[in-house]
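J.: A single structure is presented below for examination.
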Amino acid sequence: MNIRAIFCDIDDTLFPTSEFASRARKNAAMAMVRAGICAKPTAILSAIEKEVEMHGSNYSGHFDHACQKFRCINREKTIAAGIVAYHNTKLGMKPYPDAAKTLAQLQKRGYLLYVASEGRPIKQWDKLIRLGLSQYFSKAFVTTEKSKAFYVSLAKAVGCKPCECLMVGNRLDKDITPAKLAGFQTAIFKGRKSEAEFSINSLSRLIAILK
Ligand SMILES: [Mg+2]
């Protein structure tokens with residue numbers, strides 16, 4: 001295989017995003033109880049999760065809306081307490097153990113490394129910086145939808161043929177299927193067997209694959 005550029009997803013590929021988000025929301029719910037909301041942490045947590053399901057993870061009113069469902073001694077203080085606890089949990093954000101080492105090795109071998117992610121650009125860079133991984137990527141391509149057209153534009157932007165690009169990610173519908181339609185080679189991370197050329201359970205497997 002003749003790979004020149006590697007595109008890497010962030011969430012649940014470079015770090016366990018789902019695990020982190022659930023820990024952060026749990027911590028927020030407990031802080032909101034301490035701040036005077038009249039409900040059990042489990043009830044608040046489930047209200048927050050419903051908000052995330054309804055409005056997506058990038059919406060900023062999750063705690064505010066969840067708060068409206070319960071009696072509060074001080075609503076503003078309770079929302080702020082939830083936000084602080086959520087953000088404090090971010091201080092413990094860590095990449096998957098082999099991520100930094102693998103990216104450093106790939107960079108040393110001369111591969112062009114990029115991020116291909118869905119979400120908000122500043123929020124995605126915030127994660128890369130917190131995780132200590134930002135220095136490995138020349139550029140982060142952040143889109144609202146990982147479509148075939150998005151992947152076609154990525155290959156063009158980095159001056160490679162699609163067949164010289166490898167997309168690594170955990171989602172079939174976002175990281176594998178549309179990338180393959182654009183002509184990329186693909187590696188599914190911690191996912192079920194699929195149409196992806198490679199199935200990996202750790203990022204360090206990329207080193208062996210690319211040999
Ligand atoms: Mg992902």
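Residues in the structure tokens are named by chain (A, B, ... in the order shown) and by number from 1 within that chain; ligands are numbered from 1 in the order shown.
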I need the strand (DSSP E) residues of range 6-102 of chain A per DSSP on the backbone, written as a list in words.
T.: Ile6, Phe7, Cys8, Ile37, Cys38, Arg71 and Cys72 of chain A
J.: Deliver the residues from the most recent selection as a file, using N, CA and C atoms, as a PDB file, in the first residue's frame.
T.:
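As a result, part-v2.pdb now contains:
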ATOM      1  N   ILE A   6      -2.310  10.376   6.584  1.00  0.00           N
ATOM      2  CA  ILE A   6      -3.186   9.670   7.526  1.00  0.00           C
ATOM      3  C   ILE A   6      -4.107  10.695   8.185  1.00  0.00           C
ATOM      4  N   PHE A   7      -5.397  10.443   8.092  1.00  0.00           N
ATOM      5  CA  PHE A   7      -6.417  11.297   8.714  1.00  0.00           C
ATOM      6  C   PHE A   7      -6.988  10.563   9.917  1.00  0.00           C
ATOM      7  N   CYS A   8      -7.022  11.272  11.029  1.00  0.00           N
ATOM      8  CA  CYS A   8      -7.424  10.626  12.270  1.00  0.00           C
ATOM      9  C   CYS A   8      -8.658  11.312  12.868  1.00  0.00           C
ATOM     10  N   ILE A  37     -29.918  21.990  44.113  1.00  0.00           N
ATOM     11  CA  ILE A  37     -31.040  21.543  43.279  1.00  0.00           C
ATOM     12  C   ILE A  37     -31.761  20.419  44.040  1.00  0.00           C
ATOM     13  N   CYS A  38     -33.088  20.437  43.978  1.00  0.00           N
ATOM     14  CA  CYS A  38     -33.838  19.461  44.772  1.00  0.00           C
ATOM     15  C   CYS A  38     -34.177  18.224  43.940  1.00  0.00           C
ATOM     16  N   ARG A  71     -36.873  21.746  41.243  1.00  0.00           N
ATOM     17  CA  ARG A  71     -36.884  22.938  42.084  1.00  0.00           C
ATOM     18  C   ARG A  71     -35.446  23.256  42.495  1.00  0.00           C
ATOM     19  N   CYS A  72     -35.075  24.546  42.422  1.00  0.00           N
ATOM     20  CA  CYS A  72     -33.711  24.948  42.768  1.00  0.00           C
ATOM     21  C   CYS A  72     -33.748  26.035  43.816  1.00  0.00           C
TER      22      CYS A  72
END
J.: Let me see if you get this right: every residue at most 8 Å from ligand 1, counting only C-alpha atoms and all ligand atoms, written as a list of chain:residue names.
T.: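 So the residues close to ligand 1 are A:Asp9, A:Ile10, A:Asp11, A:Asp12, A:Thr13, A:Ser117, A:Gly169, A:Asn170, A:Arg171, A:Lys174, A:Asp175.
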J.: Neighbours of range 146-163 of chain A within 9 Å (only C-alpha atoms; same-chain residues fewer than 5 positions away dropped), as number ranges by chain?
T.: A: 1-5, 7, 112, 116-118, 141, 173-175, 177-185
J.: Quick one: residues within 10 Å of Phe20 in chain A, only C-alpha atoms, excluding same-chain residues fewer than 3 positions away - as a count of residues only?
T.: 14
J.: Can you list every residue in range 58-191 of chain A that DSSP puts in alpha helix (DSSP H), as a PyMOL selection string?
T.: chain A and resi 62-67+75-89+99-108+121-130+148-158+177-181
J.: Excluding range 107-109 of chain A and its own-chain neighbours fewer than 5 positions away, which residues fall within 9 Å of it when counting only C-alpha atoms? Please give them as a list in words.
T.: Thr102, Tyr136 and Phe137 of chain A
J.: Take the selection from the previous step and output its residues with N, CA, C and O atoms, as a tab-separated table (two decimals), in the first residue's frame.
T.:
chain	number	residue	atom	x	y	z
A	102	THR	N	2.42	6.40	19.04
A	102	THR	CA	2.14	5.98	17.66
A	102	THR	C	2.21	7.17	16.71
A	102	THR	O	2.83	7.08	15.64
A	136	TYR	N	1.34	16.82	16.70
A	136	TYR	CA	1.54	15.79	15.68
A	136	TYR	C	0.79	16.07	14.39
A	136	TYR	O	1.04	15.43	13.38
A	137	PHE	N	-0.16	16.98	14.44
A	137	PHE	CA	-1.02	17.20	13.27
A	137	PHE	C	-0.71	18.52	12.59
A	137	PHE	O	-0.66	19.56	13.23
J.: How close does each residue of range 101-163 of chain A get to range 55-58 of chain A, giving the shortest atom pair and distance in Å to one decimal for every residue with an atom at most 9 Å away, counting only C-alpha atoms, sorted by chain and residue number, as a tab-separated table?
T.:
residue	atom	partner	partner_atom	distance
A:Gly119	CA	A:Asn58	CA	7.5
A:Arg120	CA	A:Asn58	CA	7.7
A:Lys123	CA	A:Asn58	CA	8.8
J.: Please build the interface table for range 50-103 of chain A against range 39-42 of chain A with a cut-off of 12 Å, listing for each qualifying residue the nearest atom pair and the distance in Å to one decimal; count only C-alpha atoms, order rows by chain and increasing number, and write it as JSON lines.
T.:
{"residue": "A:Ala66", "atom": "CA", "partner": "A:Ala39", "partner_atom": "CA", "distance": 11.0}
{"residue": "A:Cys67", "atom": "CA", "partner": "A:Ala39", "partner_atom": "CA", "distance": 9.8}
{"residue": "A:Gln68", "atom": "CA", "partner": "A:Ala39", "partner_atom": "CA", "distance": 11.6}
{"residue": "A:Lys69", "atom": "CA", "partner": "A:Ala39", "partner_atom": "CA", "distance": 9.5}
{"residue": "A:Phe70", "atom": "CA", "partner": "A:Ala39", "partner_atom": "CA", "distance": 6.6}
{"residue": "A:Arg71", "atom": "CA", "partner": "A:Ala39", "partner_atom": "CA", "distance": 7.7}
{"residue": "A:Cys72", "atom": "CA", "partner": "A:Ala39", "partner_atom": "CA", "distance": 8.8}
{"residue": "A:Ile73", "atom": "CA", "partner": "A:Ala39", "partner_atom": "CA", "distance": 11.3}
{"residue": "A:Thr78", "atom": "CA", "partner": "A:Ala39", "partner_atom": "CA", "distance": 11.8}
{"residue": "A:Gly82", "atom": "CA", "partner": "A:Pro41", "partner_atom": "CA", "distance": 11.3}
J.: Could you tell me how far CA of Asn88 in chain A lies from CA of Ala43 in chain A, in Å and to one decimal?
T.: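 Spanning CA of Asn88 in chain A to CA of Ala43 in chain A is a straight-line distance of 21.4 Å.
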J.: Excluding same-chain residues fewer than 2 positions from Trp125 in chain A, what lies within 10 Å of it counting only C-alpha atoms, as a PyMOL selection string?
T.: chain A and resi 10+115+120-123+127-131+133-134+139-140+142
J.: Which one is closest to Lys193 in chain A: A:His62, A:Leu172, A:Cys165, A:Arg34? Count only C-alpha atoms.
T.: A:Leu172
J.: Just give me the gap between CA of Arg192 in chain A and CA of Ile48 in chain A in Å, one decimal is fine.
T.: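 Between CA of Arg192 in chain A and CA of Ile48 in chain A the gap works out to 29.0 Å.
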J.: Could you jot down the CA of Arg75 in chain A to CA of Ser18 in chain A separation for me, Å, one decimal place?
T.: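 Taking CA of Arg75 in chain A as the start and CA of Ser18 in chain A as the end point, the length is 27.5 Å.
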J.: Which one of A:Glu145, A:Glu76, A:Glu19, A:Glu49 sits closest to Pro95 in chain A if you count only C-alpha atoms?
T.: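 Closest residue, counting only C-alpha atoms: A:Glu19.
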J.: Could you check which of A:Ala99, A:Ser22, A:Glu164, A:Leu106 is closest to Gly132 in chain A, using only C-alpha atoms?
T.: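 Under the stated criterion, the closest residue is A:Ala99.
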